[in-house]
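entry30.txt (compact mmCIF, C-alpha atoms)
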```
# COMPACT_ATOMS: atom_id res chain seq x y z
CA MET U 1 70.50 257.98 66.71
CA GLU U 2 69.56 258.43 63.07
CA TYR U 3 71.96 257.35 60.37
CA MET U 4 71.97 257.13 56.61
CA THR U 5 74.29 256.41 53.73
CA ILE U 6 74.52 259.40 51.41
CA GLU U 7 73.71 258.26 47.89
CA GLY U 8 72.85 261.67 46.49
CA GLN U 9 71.53 264.63 48.42
CA PHE U 10 72.39 265.28 52.04
CA PRO U 11 69.40 265.55 54.40
CA ARG U 12 68.12 268.97 55.39
CA LEU U 13 68.73 269.68 59.05
CA CYS U 14 68.56 272.76 61.21
CA GLY U 15 71.18 274.17 63.57
CA SER U 16 73.77 271.39 63.33
CA ALA U 17 77.03 271.00 65.21
CA VAL U 18 79.14 268.99 62.76
CA THR U 19 82.41 267.10 62.78
CA LEU U 20 83.89 265.40 59.73
CA GLY U 21 86.44 262.66 59.08
CA LYS U 22 86.84 258.95 58.44
CA PHE U 23 86.32 257.96 62.09
CA ASP U 24 87.98 254.62 61.52
CA GLY U 25 88.25 253.27 65.04
CA VAL U 26 86.63 256.19 66.86
CA HIS U 27 89.97 256.66 68.65
CA LYS U 28 90.99 259.26 71.22
CA GLY U 29 91.43 261.96 68.58
CA HIS U 30 87.99 261.26 67.13
CA ARG U 31 86.47 261.28 70.60
CA LYS U 32 87.94 264.72 71.19
CA LEU U 33 86.11 266.02 68.11
CA ILE U 34 82.87 264.32 69.04
CA SER U 35 83.06 265.73 72.56
CA ARG U 36 83.13 269.24 71.09
CA ILE U 37 79.93 268.81 69.09
CA LEU U 38 78.27 267.20 72.10
CA GLU U 39 79.24 270.27 74.15
CA GLN U 40 77.50 272.41 71.54
CA LYS U 41 74.45 270.17 71.73
CA LYS U 42 74.32 270.66 75.50
CA GLU U 43 74.96 274.40 75.39
CA THR U 44 72.86 275.45 72.39
CA GLY U 45 70.53 272.55 71.59
CA ALA U 46 72.28 271.94 68.27
CA THR U 47 71.91 268.59 66.52
CA ALA U 48 75.17 266.64 66.92
CA VAL U 49 76.11 265.40 63.44
CA VAL U 50 79.02 263.18 62.41
CA ILE U 51 79.93 262.93 58.72
CA ALA U 52 82.03 259.79 58.23
CA PHE U 53 83.71 259.42 54.84
CA VAL U 54 83.69 255.77 53.79
CA SER U 55 86.16 253.96 51.50
CA ASP U 56 86.59 250.32 50.46
CA ARG U 57 89.49 249.83 52.87
CA LYS U 58 89.09 247.39 55.78
CA THR U 59 88.21 249.24 58.96
CA ILE U 60 89.20 248.91 62.62
CA PHE U 61 85.51 248.91 63.54
CA THR U 62 82.75 247.92 61.12
CA LYS U 63 80.01 250.36 60.18
CA ALA U 64 77.63 248.66 62.61
CA GLU U 65 80.21 248.77 65.43
CA ARG U 66 80.91 252.45 64.75
CA ARG U 67 77.20 253.23 64.80
CA ASP U 68 76.86 251.57 68.20
CA LEU U 69 79.83 253.50 69.60
CA LEU U 70 78.58 256.87 68.35
CA GLU U 71 75.04 256.26 69.54
CA HIS U 72 76.38 255.35 72.98
CA MET U 73 78.34 258.61 73.03
CA GLY U 74 75.19 260.65 72.34
CA VAL U 75 75.53 261.58 68.65
CA ASP U 76 72.18 262.48 67.06
CA VAL U 77 72.87 261.88 63.36
CA LEU U 78 75.51 259.82 61.55
CA LEU U 79 75.91 260.44 57.83
CA GLU U 80 78.05 257.81 56.09
CA CYS U 81 79.40 259.40 52.94
CA PRO U 82 81.06 257.09 50.37
CA LEU U 83 84.11 258.61 48.72
CA ASN U 84 82.61 258.29 45.25
CA SER U 85 83.50 260.31 42.19
CA GLU U 86 80.96 263.03 42.96
CA ILE U 87 82.33 263.65 46.45
CA ARG U 88 85.97 263.38 45.34
CA HIS U 89 85.46 266.00 42.62
CA MET U 90 83.35 268.44 44.64
CA LYS U 91 85.33 271.60 45.29
CA ALA U 92 85.90 272.50 48.92
CA GLU U 93 84.00 275.78 48.65
CA SER U 94 81.04 273.96 47.06
CA PHE U 95 81.02 271.38 49.86
CA ILE U 96 80.90 274.13 52.46
CA ARG U 97 78.17 276.06 50.66
CA GLN U 98 75.98 273.14 49.55
CA VAL U 99 76.43 270.64 52.40
CA LEU U 100 77.51 272.38 55.59
CA VAL U 101 75.58 275.62 55.07
CA GLY U 102 72.83 274.63 52.66
CA ALA U 103 71.73 271.16 53.75
CA LEU U 104 72.92 270.86 57.36
CA GLN U 105 72.64 274.55 58.29
CA ALA U 106 75.70 274.17 60.47
CA SER U 107 76.14 276.58 63.34
CA TYR U 108 79.34 274.89 64.49
CA VAL U 109 82.03 272.75 62.81
CA ALA U 110 84.93 270.93 64.52
CA VAL U 111 87.81 269.31 62.60
CA GLY U 112 91.34 268.17 63.31
CA GLU U 113 94.37 270.25 62.42
CA ASP U 114 95.30 267.94 59.53
CA PHE U 115 91.79 267.61 58.08
CA ARG U 116 91.57 267.97 54.30
CA PHE U 117 88.54 267.83 52.04
CA GLY U 118 87.26 268.68 48.60
CA PHE U 119 88.74 268.24 45.14
CA GLU U 120 92.51 267.68 45.25
CA ARG U 121 92.27 268.00 49.05
CA LYS U 122 92.37 271.77 48.76
CA GLY U 123 89.96 272.28 51.63
CA THR U 124 91.90 273.17 54.78
CA PRO U 125 90.99 274.05 58.37
CA ASP U 126 91.85 277.69 57.64
CA LEU U 127 89.42 277.66 54.72
CA LEU U 128 86.69 276.45 57.08
CA VAL U 129 87.45 279.23 59.58
CA ASN U 130 87.28 281.88 56.86
CA ALA U 131 84.10 280.39 55.40
CA GLY U 132 82.54 280.35 58.85
CA ALA U 133 83.11 284.09 59.17
CA ARG U 134 81.31 284.60 55.85
CA TYR U 135 78.46 282.14 56.28
CA GLY U 136 77.81 282.53 59.98
CA PHE U 137 79.10 279.34 61.60
CA LYS U 138 81.92 278.86 64.09
CA ALA U 139 84.78 276.55 63.13
CA ASP U 140 87.09 275.05 65.75
CA ILE U 141 90.40 273.48 64.72
CA LEU U 142 91.58 270.95 67.30
CA SER U 143 95.13 269.75 67.83
CA LYS U 144 95.92 266.06 67.52
CA GLU U 145 95.87 263.82 70.57
CA MET U 146 99.33 262.47 71.39
CA GLU U 147 100.76 259.18 72.62
CA GLY U 148 104.22 260.13 73.79
CA THR U 149 105.84 261.98 70.91
CA ARG U 150 103.60 260.50 68.20
CA LYS U 151 100.20 261.71 67.05
CA ILE U 152 97.33 259.29 67.54
CA SER U 153 95.93 258.23 64.20
CA SER U 154 94.20 255.31 62.53
CA THR U 155 97.49 254.54 60.77
CA TYR U 156 99.27 254.23 64.13
CA ILE U 157 96.51 251.94 65.45
CA ARG U 158 96.62 249.78 62.33
CA GLU U 159 100.36 249.31 62.79
CA GLU U 160 99.97 248.17 66.40
CA LEU U 161 96.99 245.96 65.56
CA ALA U 162 99.06 244.23 62.87
CA LYS U 163 101.64 243.40 65.58
CA GLY U 164 98.99 242.01 67.93
CA ASN U 165 99.94 244.68 70.47
CA MET U 166 96.49 244.86 72.03
CA GLU U 167 97.58 246.84 75.09
CA LYS U 168 98.85 249.65 72.88
CA VAL U 169 95.78 249.46 70.65
CA SER U 170 93.55 249.86 73.71
CA SER U 171 95.57 252.87 74.84
CA LEU U 172 95.27 254.57 71.44
CA LEU U 173 91.58 253.83 71.02
CA GLY U 174 90.64 254.87 74.52
CA ARG U 175 88.87 251.52 74.89
CA ASP U 176 89.52 247.90 73.93
CA TYR U 177 89.48 246.73 70.34
CA PHE U 178 86.48 244.46 69.89
CA ILE U 179 84.67 242.24 67.43
CA SER U 180 80.87 242.04 67.52
CA GLY U 181 78.50 239.58 65.92
CA VAL U 182 75.89 236.89 66.40
CA VAL U 183 77.07 233.59 67.86
CA GLU U 184 77.07 231.01 65.07
CA HIS U 185 76.68 227.25 65.23
CA GLY U 186 80.12 225.69 64.85
CA ARG U 187 80.73 221.96 64.65
CA GLY U 188 79.56 221.54 68.23
CA MET U 189 82.86 219.97 69.21
CA GLY U 190 83.42 222.30 72.15
CA HIS U 191 80.26 221.37 74.01
CA ARG U 192 80.35 217.75 72.88
CA ASP U 193 83.97 217.03 73.72
CA PHE U 194 85.34 219.23 76.45
CA PHE U 195 84.78 222.97 76.44
CA PRO U 196 82.06 225.52 75.50
CA THR U 197 82.83 228.06 72.78
CA ALA U 198 81.17 231.05 71.13
CA ASN U 199 81.86 231.32 67.40
CA LEU U 200 81.70 234.58 65.44
CA ILE U 201 82.31 235.13 61.74
CA PRO U 202 83.74 238.65 61.26
CA MET U 203 82.32 240.94 58.60
CA PRO U 204 84.49 241.15 55.44
CA GLU U 205 85.15 244.84 56.14
CA LYS U 206 86.65 244.12 59.59
CA LEU U 207 90.38 244.64 60.10
CA LEU U 208 91.55 241.75 62.28
CA PRO U 209 94.60 241.27 64.50
CA PRO U 210 97.08 238.52 63.56
CA ASN U 211 95.86 234.93 63.74
CA GLY U 212 96.51 233.62 67.21
CA VAL U 213 95.18 233.28 70.75
CA TYR U 214 94.16 236.24 72.91
CA VAL U 215 92.93 236.99 76.42
CA THR U 216 89.42 238.39 75.99
CA LEU U 217 86.19 239.43 77.67
CA SER U 218 82.96 238.37 75.92
CA SER U 219 79.78 240.33 76.62
CA PHE U 220 76.22 239.19 76.05
CA GLY U 221 74.24 242.21 77.14
CA GLN U 222 74.91 242.54 80.88
CA GLU U 223 76.53 239.11 81.11
CA ILE U 224 80.32 239.21 80.83
CA TYR U 225 82.61 236.20 80.68
CA PRO U 226 86.42 236.14 80.68
CA GLY U 227 88.05 233.68 78.35
CA ILE U 228 90.55 233.11 75.59
CA THR U 229 89.85 233.63 71.90
CA ASN U 230 91.35 232.06 68.80
CA VAL U 231 91.44 234.19 65.66
CA GLY U 232 92.14 232.18 62.53
CA TYR U 233 91.42 228.86 60.84
CA LYS U 234 91.43 226.57 63.93
CA PRO U 235 93.97 224.19 62.36
CA THR U 236 93.31 221.37 64.84
CA ILE U 237 89.76 221.22 63.49
CA GLY U 238 90.60 222.33 59.96
CA GLU U 239 88.29 225.23 59.07
CA THR U 240 88.56 226.90 55.65
CA PHE U 241 87.63 230.44 56.77
CA VAL U 242 88.88 232.92 59.35
CA GLY U 243 86.72 232.77 62.45
CA VAL U 244 86.71 234.11 66.00
CA GLU U 245 86.21 231.34 68.56
CA SER U 246 86.07 232.18 72.27
CA TYR U 247 86.32 229.69 75.13
CA LEU U 248 84.32 231.20 77.99
CA PHE U 249 85.47 230.34 81.50
CA ASP U 250 82.68 228.84 83.64
CA CYS U 251 79.90 229.41 81.13
CA GLU U 252 77.39 226.62 80.61
CA LYS U 253 74.64 228.57 78.82
CA ASN U 254 73.33 228.09 75.30
CA LEU U 255 74.49 231.26 73.53
CA TYR U 256 73.63 230.42 69.92
CA GLY U 257 71.91 233.30 68.14
CA LYS U 258 72.86 235.87 70.79
CA THR U 259 74.76 239.05 70.02
CA CYS U 260 78.29 238.94 71.41
CA THR U 261 81.04 241.54 71.78
CA VAL U 262 84.55 240.14 72.24
CA GLU U 263 87.02 242.63 73.74
CA PHE U 264 90.71 241.87 73.24
CA ARG U 265 93.08 242.35 76.19
CA LYS U 266 96.35 240.58 75.42
CA TYR U 267 98.03 238.45 72.75
CA LEU U 268 99.14 235.05 74.08
CA ARG U 269 100.59 233.02 71.21
CA GLU U 270 100.42 232.13 67.54
CA GLU U 271 97.76 229.80 66.22
CA HIS U 272 99.04 226.26 65.65
CA LYS U 273 97.77 222.74 65.16
CA PHE U 274 97.69 220.32 68.10
CA SER U 275 98.26 216.58 67.84
CA SER U 276 94.90 215.80 69.48
CA PHE U 277 91.86 217.36 71.10
CA GLU U 278 93.25 216.35 74.48
CA ALA U 279 96.42 218.34 73.78
CA LEU U 280 94.28 221.30 72.81
CA LYS U 281 92.23 220.93 75.99
CA LYS U 282 95.38 220.91 78.09
CA GLN U 283 96.63 224.09 76.40
CA ILE U 284 93.32 225.85 77.10
CA GLN U 285 93.44 224.82 80.75
CA GLU U 286 96.99 226.14 81.04
CA ALA U 287 95.95 229.43 79.45
CA GLN U 288 93.06 229.70 81.89
CA THR U 289 95.46 229.28 84.81
CA LEU U 290 97.83 231.83 83.30
CA VAL U 291 95.27 234.62 82.96
CA VAL U 292 93.98 233.98 86.48
CA VAL U 293 97.48 234.09 87.99
CA GLU U 294 98.32 237.29 86.12
CA ASP U 295 94.92 238.69 87.18
CA LEU U 296 94.40 240.28 83.76
CA TYR U 297 90.74 241.12 84.34
CA ARG U 298 90.84 242.89 87.70
CA PRO U 299 91.58 246.46 86.47
CA TYR U 300 88.84 246.64 83.86
CA ARG U 301 85.32 246.20 85.22
CA PRO U 302 85.42 246.57 89.02
CA LYS U 303 81.70 247.39 89.25
CA ARG U 304 80.49 244.71 86.83
CA ARG U 305 82.53 241.67 87.79
CA THR U 306 80.57 238.54 87.10
CA ARG U 307 80.51 235.27 89.01
CA ALA U 308 82.73 233.85 86.29
CA ILE U 309 85.44 236.38 87.10
CA ILE U 310 85.07 236.27 90.88
CA ALA U 311 85.30 232.49 90.89
CA LYS U 312 88.85 232.68 89.57
CA GLU U 313 90.21 235.20 92.10
```
Turn the structure described in the file into C-alpha cells.
Amino acid sequence: MEYMTIEGQFPRLCGSAVTLGKFDGVHKGHRKLISRILEQKKETGATAVVIAFVSDRKTIFTKAERRDLLEHMGVDVLLECPLNSEIRHMKAESFIRQVLVGALQASYVAVGEDFRFGFERKGTPDLLVNAGARYGFKADILSKEMEGTRKISSTYIREELAKGNMEKVSSLLGRDYFISGVVEHGRGMGHRDFFPTANLIPMPEKLLPPNGVYVTLSSFGQEIYPGITNVGYKPTIGETFVGVESYLFDCEKNLYGKTCTVEFRKYLREEHKFSSFEALKKQIQEAQTLVVVEDLYRPYRPKRRTRAIIAKE
C-alpha cells in the first residue's frame, strides 16, 4: 500500500474508487465503506483510495496502526489529510472538482449518510450524488452500521473505551482494540525477580483505556502468547510515565526489540500498589488461574492456538 500525508497538492491518480472520513478506529462502519471501494477494485480494476482526515485529537488507533489495518484489508492508497486552514476553508464544490475529479479522477465515491465536508460543512452526500451525475462518477451513500438501537461511531467507541468495556469495544470495532510497538527495555525486574514481561511505550497520539489490568493476547509475528497487561504507572515499581506492561504466560524468550501487538480482551481490575513484589507475584498467579478457568482465549484463535494457550487448557 502507498500512503502519504497531504501537505499541498493531492497526487494524480487514474480511475480511483474513493472513500472519505476520519477512520478513527477503522470500525464496522468504516469497514463497510472500505468494502465498497474494494468491490469496485475487484470489478473494474479501480485503485482503492482512502482519504483520512487527520486532527490533533488522540486516536483509537495510531496512524501506523491504521496503515497496517488498511493495508491488510487490501487498500491501494491511503492519503492522510490534515485538517489545516486550507482544507477547512475549501468549498465543497471546489474539493469535488479539484481533488476527487481533478487529481484522483474518481470513478466511484462511497461515504456514510452523515458525512460532511468542505467549508462550513456544507458538502453533503446529496451534493456528491449530484456532482457525480455532472462529472461522471458514481456516488454511493451508505447507511450507518448499528449496535442495537445506536449507530456505531468513533464517539460511541471512545465512550466504551473510557469505561474499560473491552468486550463492547471489540464488538463495535469488529476486532479487538490493540496497542502496537517495539518491546522496550524496562528495569529488568520481571526476568530478574519472578516473571517475564514485555514493555511498550504508547505513542502520544494513542487513546488508551483506563489505567488498570487487562486480559490480553500479545502477538510477535506468528507467535501468540496469552497474558495479563497493566496499563499505567506501575505503582509498585514507581514509574513516572504511562506504560503498557504485559506478563506473558509460559514465555521464556528474549523479546527486546521485537514488534508486539497487544490485543485487549477483558478488564480485570484497577491499577494499585502492592506491599511487596511477592504480593504482586501472587496477584499475577491468581489472575493467570482466573483467565484459564474462565477460558477467555478459546473462542478467538481456534486455528492458531499456541503451546502457551494449549498448556493451560
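Minimum atom-to-atom distances from U:Asp250, U:Glu147, U:Glu80, U:Glu263 to Met4 in chain U were compared using all atoms listed in the file, and the lowest value belongs to U:Glu80.
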- Message: Measuring between all atoms listed in the file, which one of U:Arg116, U:Arg150, U:Arg97, U:Lys28 shows the shortest distance to Ala131 in chain U?
- Response: U:Arg97
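Going from CA of Thr229 in chain U to CA of Tyr214 in chain U covers 5.1 Å.
With all atoms listed in the file as the basis for measurement, U:Val169 is the residue among U:Val262, U:Glu39, U:Ala52, U:Val169 that approaches Ser153 in chain U most closely.
When all atoms listed in the file are used to compute distances to Ile34 in chain U, the closest of the residues U:Ile51, U:Ile179, U:Met166, U:Ala198 turns out to be U:Ile51.
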